[in-house]
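Enquirer: Here's a structure for you.
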Protein chains: 2
Amino acid sequence: MSGPEAPRISDAESQVMAVVWDGADAGRGGAGAEEILGSAGAANGWSETTVRTLIHRLMRKGVLASERRGGMALYTPKVSRDAWVTAESQGFLDRLFGGQLSTLVAHLARQRTMSPEDVARLRRLVADLDAEAAEED
Amino acid sequence: MSGPEAPRISDAESQVMAVVWDGADAGRGGAGAEEILGSAGAANGWSETTVRTLIHRLMRKGVLASERRGGMALYTPKVSRDAWVTAESQGFLDRLFGGQLSTLVAHLARQRTMSPEDVARLRRLVADLDAEAAEED
DNA sequence: TTTCATTTGCTACGCTTGTAACAATGATCG
DNA sequence: CGATCATTGTTACAAGCGTAGCAAATGAAA
């Protein structure tokens, strides 16, 4: 059941992956260097070489691949965003809240750190969850 | 409004803090080296000197203090666990879910990664939140 | 085809982290 | 009061990360 031991993706690296995943979701298969630079690079004030290093390491870690497409390279994800987000969330919940989402929610509720909109969305989600559970699909 | 720029606490270090916080919650003001070793140390298979290093760094970062109490030292927390947990949670939500708890919940719901008990607790919490909001305290 | 500019990939350097050995300090007992 | 032992605090070192400069490869131009 345990996956192939996903390599750790650092904080900065994950921002590069975010751009690549966005490109893939948009049907472009991934993202080019220019796109990554203009998005994650500009947002963090990274130099171009810094972005290149992050890309290089992600490729060495096996979570990113480069396809040569007419001079320029298209970087494509080798791991799904959903899988990564799930693993990262599970790890976080395990470390801080004994793996229970409800404990996190209880904490944030006590600290009054949720916006009313967020709470409203949360209520709707839980209602949907209940409905789903009720019709036992 | 911005706090005093809390220093970053590493993963291993936070496990030491957890023991100290537990000791404080239990009315003992903190925890001694022996307690930290037997709890976090044993759980991770750390050598005694490794634990000493973590304690040392936490003290240098200003989040832990040592009180000499008859030969042995009692380590006491300088930052509240609630404040740290909140900051850590907010950072996590910001990085992965645009700061919105509901987006995390939606993701976990879609991945079917919550236990039924967790979902039940969640439903009760949201109901309480609504009640609180209704009486507009 | 040789040269030049662009784009990619590799190497480096300082700092943090995980891990642990060594030094200093304080209590204890003859 | 000095030797010994427990306890604490400091230093070290390898691996990883954030940051960036330099080299190699690849397409375009002459």
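Quick note on naming: the chains in the structure tokens go A, B, ... in the order shown, residues restart at 1 in each chain, and ligands are numbered from 1 in order of appearance.
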Neighbours of Lys61 of chain A within 10 Å (only C-alpha atoms (C1' of nucleotides); same-chain residues fewer than 2 positions away dropped), as a PyMOL selection string?

Expert: chain A and resi 6-9+55-59+63-65

Enquirer: Determine, using only C-alpha atoms, which residues of chain B have any atom at most 10 Å from an atom of chain A, and tabulate each with its shortest atom pair and distance in Å to one decimal place, rows ordered by chain and then rising number, as a Markdown table.

Expert:
```
| residue | atom | partner | partner_atom | distance |
| --- | --- | --- | --- | --- |
| B:Asp11 | CA | A:Arg95 | CA | 8.7 |
| B:Ser14 | CA | A:Arg95 | CA | 9.3 |
| B:Gln15 | CA | A:Arg95 | CA | 8.9 |
| B:Ala18 | CA | A:Leu96 | CA | 9.5 |
| B:Asp82 | CA | A:His107 | CA | 8.2 |
| B:Ala83 | CA | A:Gln111 | CA | 9.0 |
| B:Val85 | CA | A:Leu96 | CA | 7.3 |
| B:Thr86 | CA | A:Leu108 | CA | 7.1 |
| B:Glu88 | CA | A:Leu96 | CA | 8.9 |
| B:Ser89 | CA | A:Leu104 | CA | 8.1 |
| B:Gln90 | CA | A:Thr113 | CA | 8.7 |
| B:Phe92 | CA | A:Phe92 | CA | 8.0 |
| B:Leu93 | CA | A:Ser89 | CA | 9.3 |
| B:Arg95 | CA | A:Asp11 | CA | 8.6 |
| B:Leu96 | CA | A:Val85 | CA | 7.3 |
| B:Phe97 | CA | A:Val85 | CA | 9.3 |
| B:Gly99 | CA | A:Met114 | CA | 9.3 |
| B:Gln100 | CA | A:Asp118 | CA | 6.4 |
| B:Leu101 | CA | A:Asp118 | CA | 6.8 |
| B:Ser102 | CA | A:Leu122 | CA | 5.1 |
| B:Thr103 | CA | A:Leu122 | CA | 8.5 |
| B:Leu104 | CA | A:Ser89 | CA | 8.0 |
| B:Val105 | CA | A:Leu122 | CA | 7.5 |
| B:Ala106 | CA | A:Leu125 | CA | 6.8 |
| B:His107 | CA | A:Thr86 | CA | 7.7 |
| B:Leu108 | CA | A:Thr86 | CA | 7.1 |
| B:Ala109 | CA | A:Leu129 | CA | 7.5 |
| B:Arg110 | CA | A:Leu129 | CA | 9.7 |
| B:Gln111 | CA | A:Thr86 | CA | 7.6 |
| B:Thr113 | CA | A:Thr86 | CA | 8.4 |
| B:Met114 | CA | A:Leu101 | CA | 7.7 |
| B:Ser115 | CA | A:Gln100 | CA | 8.6 |
| B:Pro116 | CA | A:Ala133 | CA | 9.2 |
| B:Glu117 | CA | A:Ser102 | CA | 9.3 |
| B:Asp118 | CA | A:Ser102 | CA | 5.9 |
| B:Val119 | CA | A:Ser102 | CA | 7.4 |
| B:Ala120 | CA | A:Ser102 | CA | 8.7 |
| B:Arg121 | CA | A:Ser102 | CA | 6.0 |
| B:Leu122 | CA | A:Ser102 | CA | 5.0 |
| B:Arg123 | CA | A:Val126 | CA | 6.1 |
| B:Arg124 | CA | A:Ser102 | CA | 9.4 |
| B:Leu125 | CA | A:Ala106 | CA | 6.8 |
| B:Val126 | CA | A:Arg123 | CA | 6.1 |
| B:Ala127 | CA | A:Arg123 | CA | 7.9 |
| B:Asp128 | CA | A:Ala109 | CA | 9.7 |
| B:Leu129 | CA | A:Ala109 | CA | 7.5 |
| B:Asp130 | CA | A:Arg123 | CA | 8.3 |
| B:Ala133 | CA | A:Pro116 | CA | 9.0 |
```

Enquirer: Please return, as a list in words, all residues of chain B that DSSP assigns to strand (DSSP E) on the basis of the backbone.

Expert: Ala31, Gly32, Leu64, Ala65, Ser66, Glu67, Arg68, Arg69, Met72, Ala73, Leu74, Tyr75, Thr76 and Pro77 of chain B

Enquirer: Would you output that residue set with N, CA and C atoms, as a PDB file, in the first residue's frame?

Expert:
```
ATOM      1  N   ALA B  31       9.563  20.792  31.569  1.00  0.00           N
ATOM      2  CA  ALA B  31      10.036  19.415  31.619  1.00  0.00           C
ATOM      3  C   ALA B  31      11.535  19.388  31.835  1.00  0.00           C
ATOM      4  N   GLY B  32      12.000  18.327  32.469  1.00  0.00           N
ATOM      5  CA  GLY B  32      13.428  18.140  32.661  1.00  0.00           C
ATOM      6  C   GLY B  32      14.020  17.335  31.518  1.00  0.00           C
ATOM      7  N   LEU B  64      12.894  28.651  24.465  1.00  0.00           N
ATOM      8  CA  LEU B  64      13.008  27.751  25.610  1.00  0.00           C
ATOM      9  C   LEU B  64      13.959  28.401  26.618  1.00  0.00           C
ATOM     10  N   ALA B  65      13.666  28.200  27.914  1.00  0.00           N
ATOM     11  CA  ALA B  65      14.554  28.725  28.952  1.00  0.00           C
ATOM     12  C   ALA B  65      14.873  27.607  29.925  1.00  0.00           C
ATOM     13  N   SER B  66      16.027  27.691  30.564  1.00  0.00           N
ATOM     14  CA  SER B  66      16.401  26.672  31.552  1.00  0.00           C
ATOM     15  C   SER B  66      16.470  27.303  32.929  1.00  0.00           C
ATOM     16  N   GLU B  67      15.793  26.668  33.883  1.00  0.00           N
ATOM     17  CA  GLU B  67      15.836  27.117  35.268  1.00  0.00           C
ATOM     18  C   GLU B  67      16.604  26.079  36.063  1.00  0.00           C
ATOM     19  N   ARG B  68      17.699  26.498  36.686  1.00  0.00           N
ATOM     20  CA  ARG B  68      18.435  25.573  37.526  1.00  0.00           C
ATOM     21  C   ARG B  68      17.641  25.302  38.805  1.00  0.00           C
ATOM     22  N   ARG B  69      17.298  24.070  39.019  1.00  0.00           N
ATOM     23  CA  ARG B  69      16.509  23.703  40.203  1.00  0.00           C
ATOM     24  C   ARG B  69      17.180  22.516  40.886  1.00  0.00           C
ATOM     25  N   MET B  72      19.598  19.640  38.765  1.00  0.00           N
ATOM     26  CA  MET B  72      18.950  19.396  37.478  1.00  0.00           C
ATOM     27  C   MET B  72      18.326  20.668  36.921  1.00  0.00           C
ATOM     28  N   ALA B  73      18.101  20.686  35.612  1.00  0.00           N
ATOM     29  CA  ALA B  73      17.512  21.861  34.967  1.00  0.00           C
ATOM     30  C   ALA B  73      16.057  21.579  34.602  1.00  0.00           C
ATOM     31  N   LEU B  74      15.242  22.595  34.785  1.00  0.00           N
ATOM     32  CA  LEU B  74      13.855  22.520  34.318  1.00  0.00           C
ATOM     33  C   LEU B  74      13.724  23.448  33.119  1.00  0.00           C
ATOM     34  N   TYR B  75      13.324  22.868  31.992  1.00  0.00           N
ATOM     35  CA  TYR B  75      13.196  23.674  30.781  1.00  0.00           C
ATOM     36  C   TYR B  75      11.764  24.173  30.654  1.00  0.00           C
ATOM     37  N   THR B  76      11.631  25.476  30.502  1.00  0.00           N
ATOM     38  CA  THR B  76      10.292  26.080  30.445  1.00  0.00           C
ATOM     39  C   THR B  76      10.088  26.787  29.112  1.00  0.00           C
ATOM     40  N   PRO B  77       8.868  26.737  28.588  1.00  0.00           N
ATOM     41  CA  PRO B  77       8.582  27.347  27.285  1.00  0.00           C
ATOM     42  C   PRO B  77       8.504  28.862  27.377  1.00  0.00           C
TER      43      PRO B  77
END
```

Enquirer: Between D:DA15, D:DA6, D:DA20, D:DC1, which is the closest to chain A once you count only C-alpha atoms (C1' of nucleotides)?

Expert: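 Between D:DA15, D:DA6, D:DA20, D:DC1, the residue approaching chain A most closely is D:DA20.
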
Enquirer: Any chance you could fit chain B onto chain A with least squares, all Cα atoms in order, and share the moved copy as a compact mmCIF listing (two decimals) with C-alpha atoms, in the first residue's frame?

Expert:
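Output saved as part.txt:
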```txt
# COMPACT_ATOMS: atom_id res chain seq x y z
CA MET B 1 -0.05 0.00 0.09
CA SER B 2 2.81 2.33 0.92
CA GLY B 3 3.65 4.44 -2.11
CA PRO B 4 7.05 4.65 -3.78
CA GLU B 5 8.42 6.80 -0.97
CA ALA B 6 7.84 10.21 -2.48
CA PRO B 7 10.93 12.43 -2.16
CA ARG B 8 10.69 15.52 -0.07
CA ILE B 9 9.85 18.69 -2.00
CA SER B 10 11.13 21.86 -0.36
CA ASP B 11 9.13 25.01 0.11
CA ALA B 12 10.70 26.92 -2.77
CA GLU B 13 10.58 23.88 -5.00
CA SER B 14 6.87 23.42 -4.41
CA GLN B 15 6.24 26.91 -5.77
CA VAL B 16 7.88 25.87 -9.00
CA MET B 17 5.76 22.73 -9.08
CA ALA B 18 2.66 24.84 -8.58
CA VAL B 19 3.29 26.68 -11.85
CA VAL B 20 3.97 23.42 -13.67
CA TRP B 21 0.81 21.87 -12.26
CA ASP B 22 -1.21 24.91 -13.26
CA GLY B 23 0.12 24.61 -16.80
CA ALA B 24 -0.80 20.94 -16.88
CA ASP B 25 -4.31 21.68 -15.59
CA ALA B 26 -4.68 24.29 -18.32
CA GLY B 27 -4.05 21.63 -20.92
CA ARG B 28 -0.56 22.77 -21.80
CA GLY B 29 1.04 19.67 -20.35
CA GLY B 30 3.30 21.66 -18.07
CA ALA B 31 5.19 24.94 -18.11
CA GLY B 32 8.23 26.45 -19.74
CA ALA B 33 11.08 28.23 -18.00
CA GLU B 34 9.74 31.61 -19.02
CA GLU B 35 6.38 30.88 -17.44
CA ILE B 36 7.96 29.66 -14.20
CA LEU B 37 10.21 32.71 -14.07
CA GLY B 38 7.38 35.16 -14.67
CA SER B 39 5.17 33.53 -12.07
CA ALA B 40 6.99 31.95 -9.13
CA GLY B 41 10.27 33.70 -9.91
CA ALA B 42 8.81 37.18 -10.03
CA ALA B 43 6.61 36.58 -6.99
CA ASN B 44 9.65 35.67 -4.89
CA GLY B 45 12.21 37.94 -6.49
CA TRP B 46 14.33 34.98 -7.53
CA SER B 47 17.06 35.38 -10.11
CA GLU B 48 16.76 33.28 -13.24
CA THR B 49 19.61 31.03 -12.17
CA THR B 50 17.91 30.35 -8.87
CA VAL B 51 14.84 29.10 -10.69
CA ARG B 52 17.07 26.93 -12.88
CA THR B 53 18.53 25.33 -9.79
CA LEU B 54 15.12 24.54 -8.37
CA ILE B 55 14.09 22.98 -11.67
CA HIS B 56 17.31 20.98 -11.74
CA ARG B 57 16.76 19.60 -8.25
CA LEU B 58 13.16 18.73 -8.95
CA MET B 59 14.33 16.78 -11.98
CA ARG B 60 16.99 14.99 -9.95
CA LYS B 61 14.33 14.08 -7.39
CA GLY B 62 12.28 12.58 -10.16
CA VAL B 63 9.20 14.73 -9.72
CA LEU B 64 9.78 16.86 -12.81
CA ALA B 65 10.75 15.98 -16.39
CA SER B 66 11.94 18.14 -19.27
CA GLU B 67 10.73 17.64 -22.82
CA ARG B 68 12.76 19.35 -25.51
CA ARG B 69 10.25 21.07 -27.77
CA GLY B 70 12.01 23.15 -30.43
CA GLY B 71 14.85 24.84 -28.59
CA MET B 72 12.85 25.55 -25.50
CA ALA B 73 12.07 23.00 -22.79
CA LEU B 74 8.65 22.10 -21.49
CA TYR B 75 8.73 20.92 -17.90
CA THR B 76 6.11 18.32 -17.05
CA PRO B 77 5.10 16.95 -13.64
CA LYS B 78 5.89 13.33 -12.77
CA VAL B 79 3.74 13.30 -9.64
CA SER B 80 0.16 14.46 -9.36
CA ARG B 81 -0.63 17.60 -7.47
CA ASP B 82 -3.48 15.88 -5.66
CA ALA B 83 -1.22 13.13 -4.41
CA TRP B 84 1.34 15.63 -3.18
CA VAL B 85 -1.22 17.89 -1.51
CA THR B 86 -2.79 14.92 0.20
CA ALA B 87 0.52 13.60 1.48
CA GLU B 88 1.57 17.03 2.67
CA SER B 89 -1.74 17.60 4.43
CA GLN B 90 -1.68 14.20 6.07
CA GLY B 91 1.85 14.80 7.32
CA PHE B 92 0.89 18.17 8.72
CA LEU B 93 -2.20 16.82 10.46
CA ASP B 94 -0.23 13.91 11.87
CA ARG B 95 2.54 16.12 13.23
CA LEU B 96 0.34 18.73 14.86
CA PHE B 97 -3.10 17.24 15.41
CA GLY B 98 -2.73 13.50 15.79
CA GLY B 99 -3.92 13.03 12.25
CA GLN B 100 -7.35 14.42 12.95
CA LEU B 101 -8.71 17.21 10.84
CA SER B 102 -11.41 17.92 13.41
CA THR B 103 -8.75 18.79 15.99
CA LEU B 104 -7.31 21.40 13.65
CA VAL B 105 -10.76 22.84 13.06
CA ALA B 106 -11.43 22.95 16.80
CA HIS B 107 -8.17 24.80 17.35
CA LEU B 108 -8.83 27.38 14.66
CA ALA B 109 -12.38 27.86 15.93
CA ARG B 110 -11.10 28.52 19.44
CA GLN B 111 -8.56 31.01 18.08
CA ARG B 112 -11.25 32.77 16.03
CA THR B 113 -8.98 32.78 13.02
CA MET B 114 -11.50 31.77 10.35
CA SER B 115 -13.31 34.28 8.19
CA PRO B 116 -17.12 34.09 8.17
CA GLU B 117 -17.02 33.15 4.50
CA ASP B 118 -14.70 30.29 5.29
CA VAL B 119 -17.01 29.09 8.01
CA ALA B 120 -19.98 29.23 5.65
CA ARG B 121 -18.16 27.19 3.04
CA LEU B 122 -17.17 24.74 5.74
CA ARG B 123 -20.77 24.29 6.83
CA ARG B 124 -21.89 23.59 3.28
CA LEU B 125 -19.10 21.04 2.81
CA VAL B 126 -20.00 19.17 5.96
CA ALA B 127 -23.64 19.10 4.92
CA ASP B 128 -22.62 17.58 1.60
CA LEU B 129 -20.47 15.02 3.37
CA ASP B 130 -23.43 14.00 5.50
CA ALA B 131 -25.69 13.68 2.51
CA GLU B 132 -23.14 11.50 0.78
CA ALA B 133 -22.76 9.29 3.81
CA ALA B 134 -26.53 8.99 4.10
CA GLU B 135 -27.06 7.61 0.62
CA GLU B 136 -24.26 5.12 1.31
CA ASP B 137 -22.81 5.00 -2.18
```

Enquirer: Out of chain B, which residues get alpha helix (DSSP H) from DSSP, as a ChimeraX atom specification?

Expert: /B:11-25,33-36,42-44,48-60,81-97,101-111,116-134

Enquirer: What separation in Å, quoted to one decimal, exists between atom C1' of DT17 of chain C and atom C1' of DT10 of chain D?

Expert: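 One can read the atom C1' of DT17 of chain C to atom C1' of DT10 of chain D distance as 16.9 Å.
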
Enquirer: Select, as a ChimeraX atom specification, those residues of chain D with any atom no more than 12 Å from chain A (distances computed using only C-alpha atoms (C1' of nucleotides)).

Expert: /D:16-22,25-28
